[in-house]
>>> print(open('work.cif').read())   # mmCIF, C-alpha atoms
data_upload
#
loop_
_atom_site.label_atom_id
_atom_site.label_comp_id
_atom_site.auth_asym_id
_atom_site.auth_seq_id
_atom_site.Cartn_x
_atom_site.Cartn_y
_atom_site.Cartn_z
CA MET A 22 -70.97 -42.87 -9.52
CA ASP A 23 -69.45 -41.45 -6.30
CA PHE A 24 -67.05 -38.57 -6.89
CA SER A 25 -66.74 -37.61 -3.25
CA SER A 26 -63.52 -39.50 -2.73
CA LEU A 27 -61.80 -38.01 -5.82
CA ASP A 28 -59.13 -35.46 -4.81
CA ILE A 29 -57.76 -33.75 -7.92
CA LEU A 30 -54.64 -32.40 -6.19
CA ASP A 31 -53.81 -35.77 -4.81
CA GLU A 32 -54.31 -37.44 -8.19
CA PHE A 33 -52.10 -35.08 -10.20
CA PHE A 34 -49.53 -33.76 -7.70
CA GLY A 35 -49.51 -36.47 -5.13
CA MET A 36 -49.68 -34.05 -2.24
CA GLY A 37 -49.42 -36.82 0.22
CA ASP A 38 -46.71 -38.63 -1.70
CA GLU A 39 -43.25 -37.03 -1.53
CA SER A 40 -41.85 -39.13 -4.38
CA ASN A 41 -44.02 -37.44 -7.09
CA PRO A 42 -41.49 -36.11 -9.73
CA LEU A 43 -43.76 -33.25 -10.84
CA MET A 44 -44.00 -31.95 -7.26
CA MET A 45 -40.24 -32.19 -6.86
CA LEU A 46 -39.76 -30.06 -9.98
CA VAL A 47 -42.11 -27.38 -8.61
CA TRP A 48 -39.86 -27.03 -5.56
CA ILE A 49 -36.44 -27.58 -7.10
CA LEU A 50 -36.76 -25.42 -10.24
CA PRO A 51 -37.14 -22.08 -8.37
CA ILE A 52 -34.22 -23.02 -6.11
CA ILE A 53 -31.99 -23.69 -9.12
CA LEU A 54 -33.27 -20.52 -10.78
CA PHE A 55 -32.48 -18.36 -7.73
CA VAL A 56 -29.08 -19.97 -7.11
CA PHE A 57 -27.84 -19.33 -10.63
CA TYR A 58 -29.87 -16.31 -11.71
CA GLY A 59 -30.79 -14.65 -8.37
CA GLN A 60 -28.42 -11.71 -8.81
CA ARG A 61 -29.61 -11.12 -12.37
CA ILE A 62 -33.22 -11.08 -11.20
CA GLN A 63 -32.29 -8.60 -8.45
CA LEU A 64 -30.39 -6.54 -11.05
CA ILE A 65 -33.50 -6.37 -13.24
CA ILE A 66 -35.72 -5.30 -10.32
CA THR A 67 -33.21 -2.72 -9.02
CA SER A 68 -32.53 -1.41 -12.53
CA ARG A 69 -36.15 -0.51 -12.99
CA ASP A 70 -36.08 1.65 -9.86
CA ILE A 71 -32.76 3.29 -10.75
CA LYS A 72 -33.93 3.99 -14.31
CA LYS A 73 -36.99 5.78 -12.93
CA ASN A 74 -34.80 7.96 -10.70
CA MET A 75 -32.37 8.60 -13.55
CA THR A 76 -35.19 9.89 -15.72
CA LYS A 77 -36.27 12.16 -12.86
CA LEU A 78 -32.69 13.37 -12.43
CA GLU A 79 -32.44 14.16 -16.13
CA GLN A 80 -35.75 15.99 -15.95
CA LEU A 81 -34.53 18.10 -12.98
CA ARG A 82 -31.32 18.92 -14.87
CA ASN A 83 -33.22 19.90 -18.02
CA GLU A 84 -35.77 22.01 -16.13
CA SER A 85 -33.13 23.97 -14.21
CA ARG A 86 -31.07 24.41 -17.41
CA ASP A 87 -34.11 25.79 -19.25
CA ASP A 88 -34.94 28.01 -16.24
CA LEU A 89 -31.44 29.53 -16.32
CA ILE A 90 -31.43 30.07 -20.09
CA ASP A 91 -34.90 31.66 -19.97
CA TYR A 92 -33.82 33.89 -17.08
CA VAL A 93 -30.71 35.08 -18.93
CA LYS A 94 -32.64 35.68 -22.15
CA GLN A 95 -35.67 37.39 -20.62
CA LYS A 96 -34.38 39.28 -17.57
CA LEU A 97 -30.91 40.21 -18.77
CA THR A 98 -29.62 41.50 -22.08
CA PRO A 99 -27.04 39.09 -23.50
CA ASN A 100 -24.92 40.18 -26.46
CA ASP A 101 -26.08 37.15 -28.47
CA ASP A 102 -27.81 33.79 -27.91
CA PRO A 103 -26.29 32.51 -24.64
CA THR A 104 -27.48 28.88 -25.03
CA LYS A 105 -24.30 27.49 -26.62
CA LYS A 106 -21.98 29.21 -24.18
CA LEU A 107 -24.05 28.22 -21.13
CA ASP A 108 -24.21 24.60 -22.32
CA ARG A 109 -20.41 24.61 -22.44
CA PHE A 110 -20.26 25.98 -18.86
CA PHE A 111 -22.41 23.13 -17.56
CA ASP A 112 -19.73 20.66 -18.59
CA TYR A 113 -16.86 22.48 -16.85
CA PHE A 114 -14.91 20.17 -14.56
CA THR A 115 -12.34 20.70 -11.81
CA ILE A 116 -9.30 18.48 -11.43
CA MET A 117 -8.46 18.36 -7.74
CA PRO A 118 -4.77 18.53 -6.77
CA VAL A 119 -2.76 15.33 -6.20
CA ASP A 120 -3.35 14.13 -2.64
CA VAL A 121 -0.85 11.26 -2.48
CA ASP A 122 1.37 13.69 -0.57
CA PRO A 123 -1.24 15.86 1.21
CA ASN A 124 1.30 18.31 2.64
CA GLY A 125 0.49 21.80 1.34
CA ILE A 126 -2.67 20.71 -0.47
CA ILE A 127 -4.93 23.42 1.06
CA PRO A 128 -3.28 26.38 -0.75
CA LYS A 129 -3.49 24.38 -3.98
CA ILE A 130 -7.23 23.70 -3.53
CA HIS A 131 -7.77 27.32 -2.51
CA HIS A 132 -5.98 28.56 -5.64
CA LEU A 133 -7.97 26.16 -7.83
CA VAL A 134 -11.35 27.18 -6.38
CA ARG A 135 -10.58 30.91 -6.61
CA SER A 136 -9.30 30.54 -10.21
CA ARG A 137 -12.50 28.73 -11.16
CA GLU A 138 -14.68 31.41 -9.52
CA ASP A 139 -12.75 34.24 -11.19
CA ALA A 140 -12.84 32.59 -14.61
CA THR A 141 -16.59 31.90 -14.36
CA ARG A 142 -17.25 35.49 -13.31
CA LYS A 143 -15.25 36.81 -16.29
CA GLN A 144 -17.06 34.49 -18.69
CA ILE A 145 -20.45 35.62 -17.38
CA LYS A 146 -19.45 39.28 -17.65
CA SER A 147 -18.31 38.74 -21.25
CA MET A 148 -21.81 37.53 -22.19
CA PHE A 149 -23.36 40.93 -21.46
CA SER A 150 -22.54 44.48 -22.44
CA GLU A 151 -23.94 45.63 -19.11
CA ILE A 152 -24.59 43.57 -15.99
CA ASP A 153 -24.53 44.52 -12.29
CA THR A 154 -22.86 42.58 -9.48
CA LEU A 155 -26.14 41.20 -8.11
CA GLU A 156 -27.04 39.63 -11.45
CA ILE A 157 -23.51 38.25 -11.96
CA THR A 158 -23.63 36.51 -8.58
CA LYS A 159 -27.15 35.20 -9.23
CA VAL A 160 -26.17 33.74 -12.62
CA GLN A 161 -23.00 32.32 -11.04
CA ASN A 162 -25.06 30.47 -8.40
CA LEU A 163 -27.63 29.27 -10.93
CA LEU A 164 -24.79 27.96 -13.12
CA GLU A 165 -23.43 26.08 -10.12
CA ILE A 166 -26.85 24.47 -9.56
CA VAL A 167 -27.19 23.28 -13.16
CA THR A 168 -23.56 22.07 -13.27
CA THR A 169 -24.07 20.04 -10.07
CA LEU A 170 -27.31 18.50 -11.38
CA GLN A 171 -25.58 17.66 -14.66
CA LEU A 172 -22.71 16.03 -12.77
CA LEU A 173 -25.07 14.02 -10.54
CA HIS A 174 -26.96 12.75 -13.58
CA LYS A 175 -23.76 11.80 -15.40
CA VAL A 176 -22.26 9.95 -12.41
CA VAL A 177 -25.47 8.01 -11.68
CA ARG A 178 -25.82 7.10 -15.35
CA HIS A 179 -22.17 5.96 -15.51
CA LEU A 180 -22.47 3.71 -12.45
CA PHE A 181 -25.76 2.26 -13.67
CA LEU A 182 -24.59 1.55 -17.22
CA THR A 183 -21.32 0.02 -15.98
CA ALA A 184 -23.22 -2.38 -13.71
CA LYS A 185 -25.62 -3.27 -16.54
CA LYS A 186 -22.78 -3.75 -19.03
CA GLN A 187 -20.91 -6.06 -16.68
CA ASN A 188 -24.16 -7.73 -15.57
CA ASN A 189 -22.76 -7.20 -12.08
CA TYR A 190 -25.32 -6.89 -9.31
CA PRO A 191 -22.90 -5.97 -6.46
CA LEU A 192 -21.78 -2.95 -8.51
CA ILE A 193 -25.27 -1.53 -8.47
CA VAL A 194 -25.84 -1.99 -4.71
CA PRO A 195 -23.87 1.13 -3.56
CA LEU A 196 -25.76 3.19 -6.14
CA GLN A 197 -29.08 1.81 -4.92
CA MET A 198 -28.13 2.78 -1.34
CA LEU A 199 -26.93 6.27 -2.28
CA LEU A 200 -29.72 7.14 -4.71
CA PRO A 201 -32.29 8.40 -2.15
CA PHE A 202 -29.69 10.89 -0.81
CA ILE A 203 -28.70 11.93 -4.34
CA MET A 204 -32.34 12.46 -5.27
CA GLU A 205 -32.95 14.50 -2.11
CA GLN A 206 -30.01 16.74 -2.98
CA ALA A 207 -31.08 17.01 -6.63
CA GLU A 208 -34.62 18.02 -5.72
CA ALA A 209 -33.29 20.57 -3.24
CA LEU A 210 -31.09 22.06 -5.97
CA LYS A 211 -34.02 22.28 -8.37
CA ASP A 212 -36.17 23.92 -5.67
CA ALA A 213 -33.40 26.46 -5.04
CA VAL A 214 -33.69 27.97 -8.54
CA PRO A 215 -36.72 30.30 -7.89
CA ALA A 216 -35.12 31.90 -4.79
CA PHE A 217 -31.90 32.62 -6.70
CA LYS A 218 -33.81 34.05 -9.66
CA LYS A 219 -35.86 36.36 -7.42
CA GLY A 220 -32.98 37.32 -5.12
CA GLN A 221 -34.72 36.03 -1.98
CA PRO A 222 -32.80 35.13 1.21
CA ILE A 223 -32.07 31.42 1.62
CA GLY A 224 -31.78 29.37 4.83
CA ASP A 225 -27.98 29.50 4.67
CA GLY A 226 -28.26 33.29 4.99
CA ILE A 227 -29.15 33.22 8.71
CA GLY A 228 -25.55 34.07 9.74
CA PRO A 229 -25.34 37.14 7.47
CA LEU A 230 -28.88 38.09 8.57
CA VAL A 231 -27.91 38.14 12.26
CA VAL A 232 -24.65 40.04 11.70
CA GLY A 233 -26.20 42.31 9.02
CA GLY A 234 -28.67 43.55 11.65
CA MET A 235 -25.82 44.27 14.05
CA MET A 236 -24.07 46.27 11.29
CA LEU A 237 -27.01 48.64 10.67
CA GLY A 238 -26.00 52.26 11.19
CA THR A 239 -22.26 51.51 11.20
CA LYS A 240 -19.65 52.41 8.59
CA LYS A 241 -19.07 49.46 6.25
CA GLN A 242 -15.60 48.87 4.92
CA LYS A 243 -14.27 46.43 2.37
CA ALA A 244 -12.50 43.53 4.06
CA GLU A 245 -11.94 41.36 0.99
CA PHE A 246 -13.58 40.69 -2.36
CA GLU A 247 -17.39 40.70 -1.82
CA THR A 248 -16.81 40.81 1.96
CA VAL A 249 -17.47 43.75 4.28
CA TYR A 250 -16.81 44.58 7.92
CA SER A 251 -17.71 47.34 10.34
CA GLU A 252 -16.82 48.33 13.87
CA SER A 253 -19.29 48.70 16.69
CA GLU A 254 -19.42 48.64 20.48
CA PHE A 255 -21.25 46.50 23.01
CA ASP A 256 -20.99 46.56 26.82
CA GLY A 257 -17.52 48.12 26.76
CA ARG A 258 -16.21 45.69 24.12
CA LYS A 259 -15.13 46.61 20.62
CA LEU A 260 -17.00 44.54 18.04
CA ILE A 261 -15.70 43.78 14.56
CA LEU A 262 -18.61 42.58 12.45
CA LEU A 263 -17.86 40.63 9.29
CA LYS A 264 -20.10 39.21 6.57
CA ALA A 265 -20.35 38.73 2.81
CA GLU A 266 -21.48 41.82 0.93
CA GLY A 267 -25.24 41.72 0.46
CA PRO A 268 -27.67 41.54 -1.07
CA TYR A 269 -25.44 39.69 -3.56
CA ALA A 270 -25.63 35.92 -3.94
CA THR A 271 -22.21 35.34 -2.43
CA VAL A 272 -20.50 33.84 0.60
CA GLY A 273 -17.65 36.34 0.24
CA ARG A 274 -14.13 35.43 1.32
CA PRO A 275 -14.39 34.90 5.09
CA GLY A 276 -11.09 33.01 5.31
CA GLU A 277 -8.91 35.76 3.85
CA ALA A 278 -10.97 38.49 5.56
CA THR A 279 -10.54 36.87 8.99
CA GLU A 280 -6.79 36.48 8.41
CA SER A 281 -6.32 40.15 7.59
CA LEU A 282 -8.66 41.42 10.36
CA VAL A 283 -7.00 39.25 13.01
CA GLU A 284 -3.52 40.41 11.92
CA LYS A 285 -4.68 44.04 12.01
CA LEU A 286 -7.05 44.23 15.00
CA LYS A 287 -5.98 41.25 17.18
CA PRO A 288 -9.40 40.20 18.57
CA ASN A 289 -9.58 38.36 21.91
CA ILE A 290 -12.32 35.98 20.79
CA ILE A 291 -14.01 34.99 17.52
CA ILE A 292 -17.73 34.14 17.29
CA MET A 293 -19.06 32.50 14.13
CA ILE A 294 -22.74 32.17 13.20
CA ASP A 295 -23.72 29.73 10.50
CA ALA A 296 -26.40 27.34 9.29
CA ALA A 297 -25.70 23.68 10.08
CA LEU A 298 -27.22 20.47 8.82
CA LYS A 299 -29.83 19.09 11.18
CA LEU A 300 -29.97 15.44 12.08
CA GLU A 301 -33.14 13.49 11.30
CA GLY A 302 -35.57 14.10 14.16
CA GLU A 303 -34.23 17.59 14.93
CA ASP A 304 -36.41 20.59 14.17
CA THR A 305 -35.64 23.21 11.54
CA GLY A 306 -34.55 26.38 13.29
CA ASP A 307 -33.07 24.71 16.40
CA VAL A 308 -30.20 26.85 17.72
CA ALA A 309 -27.07 25.28 19.21
CA GLN A 310 -23.82 26.66 20.63
CA GLY A 311 -20.39 25.08 20.40
CA PHE A 312 -16.69 25.55 19.82
CA GLY A 313 -14.63 25.71 16.63
CA ALA A 314 -14.92 27.35 13.24
CA ALA A 315 -18.51 27.03 12.04
CA ILE A 316 -18.08 27.23 8.29
CA GLY A 317 -18.79 24.76 5.50
CA GLY A 318 -17.56 24.63 1.94
CA ILE A 319 -14.56 22.79 0.61
CA GLY A 320 -12.56 23.49 3.79
CA THR A 321 -10.07 26.16 2.73
CA ASP A 322 -11.80 29.00 4.60
CA ARG A 323 -12.09 26.91 7.76
CA PHE A 324 -8.42 26.00 7.47
CA LYS A 325 -7.41 29.66 7.25
CA ILE A 326 -9.56 30.66 10.23
CA GLU A 327 -8.27 27.76 12.34
CA GLU A 328 -4.67 28.58 11.37
CA VAL A 329 -4.85 32.25 12.32
CA ALA A 330 -6.85 31.54 15.51
CA THR A 331 -4.25 28.99 16.60
CA LYS A 332 -1.36 31.31 15.72
CA TYR A 333 -2.70 34.06 18.01
CA ASN A 334 -4.30 31.69 20.57
CA ILE A 335 -7.80 33.08 20.00
CA PRO A 336 -10.75 30.94 21.16
CA VAL A 337 -13.37 30.34 18.47
CA PHE A 338 -17.03 29.99 19.47
CA ALA A 339 -19.89 28.92 17.22
CA ILE A 340 -23.65 29.36 17.09
CA VAL A 341 -25.50 27.31 14.50
CA VAL A 342 -29.09 27.20 13.28
CA ARG A 343 -30.12 23.67 12.31
CA GLN A 344 -31.77 23.02 8.95
CA SER A 345 -31.94 20.44 6.16
CA VAL A 346 -30.01 20.61 2.87
CA LYS A 347 -33.21 21.80 1.18
CA ASP A 348 -33.90 24.46 3.84
CA ALA A 349 -30.35 25.78 3.47
CA ILE A 350 -30.53 26.49 -0.26
CA THR A 351 -34.19 27.40 -0.75
CA LEU A 352 -36.22 30.46 0.35
CA MET A 353 -35.62 31.03 4.08
CA LYS A 354 -38.34 29.35 6.13
CA LYS A 355 -40.25 31.32 8.76
CA GLU A 356 -38.93 28.97 11.47
CA ILE A 357 -35.36 30.01 10.57
CA SER A 358 -36.12 33.70 10.09
CA ASP A 359 -37.91 33.78 13.47
CA GLN A 360 -34.67 32.75 15.21
CA THR A 361 -32.83 35.94 14.17
CA GLU A 362 -33.48 37.85 17.43
CA ASN A 363 -32.82 34.77 19.54
CA VAL A 364 -29.45 34.13 17.84
CA ARG A 365 -28.49 37.82 18.14
CA ASN A 366 -29.25 37.72 21.88
CA GLN A 367 -27.18 34.55 22.21
CA VAL A 368 -24.29 36.30 20.44
CA TYR A 369 -24.44 39.19 22.94
CA GLU A 370 -24.66 36.74 25.83
CA MET A 371 -21.65 34.83 24.48
CA ILE A 372 -19.71 38.09 24.22
CA THR A 373 -20.35 39.07 27.85
CA ASP A 374 -19.67 35.54 29.12
CA ASN A 375 -16.40 35.03 27.26
CA SER A 376 -14.75 38.44 27.08
CA ASN A 377 -13.89 41.35 29.35
CA PRO A 378 -14.55 45.07 28.96
CA ASN A 379 -12.07 46.71 26.52
CA ASP A 380 -11.62 43.39 24.70
CA THR A 381 -12.08 43.10 20.96
CA VAL A 382 -14.55 40.55 19.58
CA LEU A 383 -14.73 39.41 15.97
CA VAL A 384 -18.27 38.30 14.99
CA ILE A 385 -18.56 36.53 11.63
CA GLY A 386 -21.87 35.86 9.87
CA VAL A 387 -21.10 32.89 7.62
CA GLY A 388 -23.21 31.91 4.62
CA ASN A 389 -24.70 33.07 1.35
CA THR A 390 -26.00 36.60 1.86
CA LEU A 391 -28.43 36.62 -1.09
CA GLY A 392 -31.26 39.06 -0.35
CA VAL A 393 -29.64 40.26 2.89
CA ALA A 394 -27.91 43.65 2.95
CA GLN A 395 -26.14 45.22 5.95
CA MET B 6 -38.40 14.14 -1.27
CA SER B 7 -40.41 17.31 -1.76
CA ASP B 8 -44.07 17.46 -0.95
CA LYS B 9 -45.89 17.97 -4.23
CA ASN B 10 -48.84 19.66 -2.52
CA GLU B 11 -46.73 22.18 -0.66
CA ILE B 12 -47.07 25.75 -1.86
CA ILE B 13 -44.53 28.22 -0.53
CA THR B 14 -45.41 31.92 -0.52
CA ALA B 15 -42.73 34.53 0.11
CA TYR B 16 -43.56 37.38 2.49
CA THR B 17 -41.79 40.61 3.35
CA ILE B 18 -42.00 42.12 6.84
CA GLN B 19 -41.52 45.87 6.92
CA GLN B 20 -40.73 47.49 10.25
CA CYS B 21 -40.19 51.04 11.46
CA ASN B 22 -36.81 51.19 13.22
CA SER B 23 -38.19 53.77 15.65
CA CYS B 24 -41.73 52.78 16.70
CA LYS B 25 -41.25 49.09 15.65
CA GLU B 26 -44.61 49.06 13.86
CA GLN B 27 -44.73 46.11 11.48
CA SER B 28 -46.58 45.28 8.30
CA LYS B 29 -46.63 42.01 6.37
CA GLN B 30 -47.01 41.80 2.61
CA LYS B 31 -46.26 39.47 -0.25
CA PHE B 32 -42.69 39.59 -1.52
CA SER B 33 -42.18 41.78 -4.54
CA ASP B 34 -39.20 41.81 -6.92
CA GLY B 35 -36.38 44.01 -5.70
CA ASP B 36 -37.10 43.44 -1.99
CA TYR B 37 -34.12 42.56 0.20
CA VAL B 38 -33.59 42.52 3.95
CA PHE B 39 -32.52 45.90 5.46
CA LYS B 40 -33.67 47.77 2.34
CA GLU B 41 -34.84 51.27 3.24
CA ILE B 42 -38.45 51.72 2.13
CA SER B 43 -39.81 55.08 3.29
CA LYS B 44 -40.39 57.32 6.30
CA CYS B 45 -42.87 56.04 8.91
CA SER B 46 -46.19 57.88 8.70
CA SER B 47 -46.78 57.76 12.47
CA CYS B 48 -43.35 58.61 13.96
CA ASP B 49 -41.14 59.77 11.04
CA GLY B 50 -38.73 56.89 11.66
CA GLN B 51 -37.21 54.85 8.85
CA ILE B 52 -39.15 51.85 7.57
CA ILE B 53 -36.92 49.01 6.48
CA VAL B 54 -37.43 45.43 5.31
CA ALA B 55 -36.86 43.46 8.51
CA LYS B 56 -37.48 39.94 7.24
CA ILE B 57 -38.20 37.95 4.10
CA PHE B 58 -39.35 34.38 4.53
CA GLY B 59 -41.44 31.63 3.01
CA GLU B 60 -44.57 30.20 4.58
CA SER B 61 -45.96 26.95 3.31
CA LEU B 62 -49.55 25.98 2.68
CA THR B 63 -50.11 22.25 2.44
CA ARG B 64 -53.16 21.22 0.44
#
>>> encode(input="work.cif", output="structure tokens")
Amino acid sequence: MDFSSLDILDEFFGMGDESNPLMMLVWILPIILFVFYGQRIQLIITSRDIKKNMTKLEQLRNESRDDLIDYVKQKLTPNDDPTKKLDRFFDYFTIMPVDVDPNGIIPKIHHLVRSREDATRKQIKSMFSEIDTLEITKVQNLLEIVTTLQLLHKVVRHLFLTAKKQNNYPLIVPLQMLLPFIMEQAEALKDAVPAFKKGQPIGDGIGPLVVGGMMLGTKKQKAEFETVYSESEFDGRKLILLKAEGPYATVGRPGEATESLVEKLKPNIIIMIDAALKLEGEDTGDVAQGFGAAIGGIGTDRFKIEEVATKYNIPVFAIVVRQSVKDAITLMKKEISDQTENVRNQVYEMITDNSNPNDTVLVIGVGNTLGVAQ
Amino acid sequence: MSDKNEIITAYTIQQCNSCKEQSKQKFSDGDYVFKEISKCSSCDGQIIVAKIFGESLTR
């Protein structure tokens, strides 16, 4: 018998014959499946990825929580077991003021933020019979890290479960797009914990580091809560140097301090030095000059500085050191630290270029001054 | 995302404010920038912590 002419595919699927019903089903079934169930299939695939990240997020939250509790128990001397109280802190929330009518909202936000800071500080103090300022500020920052991680985890979980509950694929798409950025921030926060525990300078401290060096050998005076200033001289100009009080883990109160110093000493120009987020492709430690108030945060300090500068017609100059979110909140990288002299020279150059002898120049080192004295 | 094989070591740079002689050592608890350490053995100037930074080793 001759089997050479027998083509199995042709016999069963009629490859050459388009009218074969079995072949039609093979093509049409997936089309029907994807038309009616495509979004659900995408939801299942996306869910798997989000679930994996959510587990990681929960793990980061738990690890940083345990780190903080261990630190408080082992390095400090709490009055009793701090676990319950700290767990309550992690769930603290802030209700932002009504912004339907935004007029006058900045003082409200400012009041809210300061009240929260003051209340947290009091609560931390009440946990210990004896605790110094450095440890209070460190615990305060560590609390902020755990609270933020807890919030990120809760928000991601809420969005994910809502989309799953509604079986709604479009609801999960924004979360899928945002998740890599959320994870980057979460991992940066987790990596920030060791530096805060050890009291090491972080990338954001480059501004205080530059100004702190300029303040060496001068008389430091209190400008505001956890904020110091001193007077110095350069090339016939009077310098007012302002930074948060180090080596505490604090950004101080640069907004209020600038307001009072400008009212009192009437500077001719203001120079601000801060860390700034780098764009992808830029190198960590790149230094750039510009105009305007270089200061991050919720915006209340920048508002105050802009207000007072505008009131007295004072030009504001900025020098920033580029870095990523992670670089800014973790142990200061060598690339950033190595820019200290360069930035200081640029500050002096900016002073000579933009002011005259006998002028007064206010130089502000903006950022968290952890591990950087003056 | 963080590099799992990256190990960051913290270093402290001590410098004499007079003769500018520097020494580099591993960070130890209690170090902070501009902390006064001791008198310089060669010029009697003040040795301070000039820098604290992290250097990474990628395996």
>>> residues_around(input="work.cif", residues="Lys29 in chain B", least_positions_apart="3", cutoff="8 Å", atoms="all atoms listed in the file", output="list in words")
Tyr16, Thr17, Ile18 and Gln19 of chain B
>>> write_last_selection(input="work.cif", atoms="C-alpha atoms", output="short mmCIF file (atom, residue, chain, number, x, y, z; two decimals), in the frame of the given file")
data_model
loop_
_atom_site.label_atom_id
_atom_site.label_comp_id
_atom_site.auth_asym_id
_atom_site.auth_seq_id
_atom_site.Cartn_x
_atom_site.Cartn_y
_atom_site.Cartn_z
CA TYR B 16 -43.56 37.38 2.49
CA THR B 17 -41.79 40.61 3.35
CA ILE B 18 -42.00 42.12 6.84
CA GLN B 19 -41.52 45.87 6.92
#
>>> interface_residues(input="work.cif", of="chain B", to="chain A", cutoff="8 Å", atoms="all atoms listed in the file", output="ChimeraX atom specification")
/B:6-7,15,34-40,56-60
>>> resolve_selection(input="work.cif", expression="the PyMOL selection byres ((chain A and resi 248-254) around 7)", output="PyMOL selection string")
chain A and resi 236+239-247+255-266+273-274
>>> resolve_selection(input="work.cif", expression="the PyMOL selection byres ((chain A and resi 302-314) around 6)", output="ChimeraX atom specification")
/A:299-301,315-316,337-344,356-357
>>> residues_around(input="work.cif", residues="Ile335 in chain A", least_positions_apart="2", cutoff="9 Å", atoms="all atoms listed in the file", output="PyMOL selection string")
chain A and resi 287-291+329-333+337
>>> write_last_selection(input="work.cif", atoms="C-alpha atoms", output="CSV table (one decimal), in the frame of the given file")
chain,number,residue,atom,x,y,z
A,287,LYS,CA,-6.0,41.2,17.2
A,288,PRO,CA,-9.4,40.2,18.6
A,289,ASN,CA,-9.6,38.4,21.9
A,290,ILE,CA,-12.3,36.0,20.8
A,291,ILE,CA,-14.0,35.0,17.5
A,329,VAL,CA,-4.8,32.2,12.3
A,330,ALA,CA,-6.8,31.5,15.5
A,331,THR,CA,-4.2,29.0,16.6
A,332,LYS,CA,-1.4,31.3,15.7
A,333,TYR,CA,-2.7,34.1,18.0
A,337,VAL,CA,-13.4,30.3,18.5
>>> atom_distance(input="work.cif", atom1="CA of Gln171 in chain A", atom2="CA of Arg82 in chain A")
5.9 Å
>>> closest_residue(input="work.cif", among="A:Ile52, A:Val387, A:Ile292, A:Leu180", to="Glu370 in chain A", atoms="only C-alpha atoms")
A:Ile292
>>> atom_distance(input="work.cif", atom1="CA of Arg365 in chain A", atom2="CA of Asn377 in chain A")
18.7 Å
>>> resolve_selection(input="work.cif", expression="the PyMOL selection byres ((chain A and resi 75) around 12)", output="number ranges by chain")
A: 68-74, 76-82, 170-171, 173-182, 196-197, 200-201, 203-204, 207
>>> atom_distance(input="work.cif", atom1="CA of Gln30 in chain B", atom2="CA of Glu11 in chain B")
19.9 Å
>>> axis_aligned_box(input="work.cif", around="range 37-43 of chain B", padding_each_side="4 Å", output="lines of an AutoDock Vina configuration file")
center_x = -36.2
center_y = 48.8
center_z = 2.8
size_x = 15.3
size_y = 20.6
size_z = 13.3
>>> closest_residue(input="work.cif", among="B:Gln51, B:Ser28, B:Ser46, B:Thr14", to="Gly238 in chain A", atoms="all atoms listed in the file")
B:Gln51
>>> closest_residue(input="work.cif", among="A:Ile152, A:Ile157, A:Val194, A:Ala140", to="Leu64 in chain A", atoms="all atoms listed in the file")
A:Val194
>>> closest_residue(input="work.cif", among="A:Ile385, A:Met45, A:Val231, A:Met293", to="Ala55 in chain B", atoms="all atoms listed in the file")
A:Val231
>>> residues_around(input="work.cif", residues="range 109-121 of chain A", least_positions_apart="6", cutoff="7 Å", atoms="all atoms listed in the file", output="number ranges by chain")
A: 129-130, 164, 167-168, 171
>>> build_atoms(input="work.cif", residues="range 331-340 of chain A", atoms="N, CA and C atoms", output="PDB file, in the frame of the given file")
ATOM      1  N   THR A 331      -5.253  29.751  15.851  1.00  0.00           N
ATOM      2  CA  THR A 331      -4.250  28.990  16.600  1.00  0.00           C
ATOM      3  C   THR A 331      -2.975  29.813  16.763  1.00  0.00           C
ATOM      4  N   LYS A 332      -2.593  30.502  15.686  1.00  0.00           N
ATOM      5  CA  LYS A 332      -1.360  31.310  15.720  1.00  0.00           C
ATOM      6  C   LYS A 332      -1.415  32.360  16.833  1.00  0.00           C
ATOM      7  N   TYR A 333      -2.577  32.997  17.002  1.00  0.00           N
ATOM      8  CA  TYR A 333      -2.700  34.060  18.010  1.00  0.00           C
ATOM      9  C   TYR A 333      -3.432  33.591  19.274  1.00  0.00           C
ATOM     10  N   ASN A 334      -3.642  32.285  19.393  1.00  0.00           N
ATOM     11  CA  ASN A 334      -4.300  31.690  20.570  1.00  0.00           C
ATOM     12  C   ASN A 334      -5.657  32.346  20.880  1.00  0.00           C
ATOM     13  N   ILE A 335      -6.467  32.440  19.847  1.00  0.00           N
ATOM     14  CA  ILE A 335      -7.800  33.080  20.000  1.00  0.00           C
ATOM     15  C   ILE A 335      -8.868  31.976  20.054  1.00  0.00           C
ATOM     16  N   PRO A 336      -9.684  31.942  21.132  1.00  0.00           N
ATOM     17  CA  PRO A 336     -10.750  30.940  21.160  1.00  0.00           C
ATOM     18  C   PRO A 336     -11.836  31.238  20.122  1.00  0.00           C
ATOM     19  N   VAL A 337     -12.320  30.174  19.491  1.00  0.00           N
ATOM     20  CA  VAL A 337     -13.370  30.340  18.470  1.00  0.00           C
ATOM     21  C   VAL A 337     -14.663  29.697  18.973  1.00  0.00           C
ATOM     22  N   PHE A 338     -15.723  30.486  19.025  1.00  0.00           N
ATOM     23  CA  PHE A 338     -17.030  29.990  19.470  1.00  0.00           C
ATOM     24  C   PHE A 338     -17.989  29.950  18.270  1.00  0.00           C
ATOM     25  N   ALA A 339     -18.967  29.056  18.362  1.00  0.00           N
ATOM     26  CA  ALA A 339     -19.890  28.920  17.220  1.00  0.00           C
ATOM     27  C   ALA A 339     -21.341  28.874  17.682  1.00  0.00           C
ATOM     28  N   ILE A 340     -22.197  29.492  16.888  1.00  0.00           N
ATOM     29  CA  ILE A 340     -23.650  29.360  17.090  1.00  0.00           C
ATOM     30  C   ILE A 340     -24.212  28.910  15.749  1.00  0.00           C
TER      31      ILE A 340
END
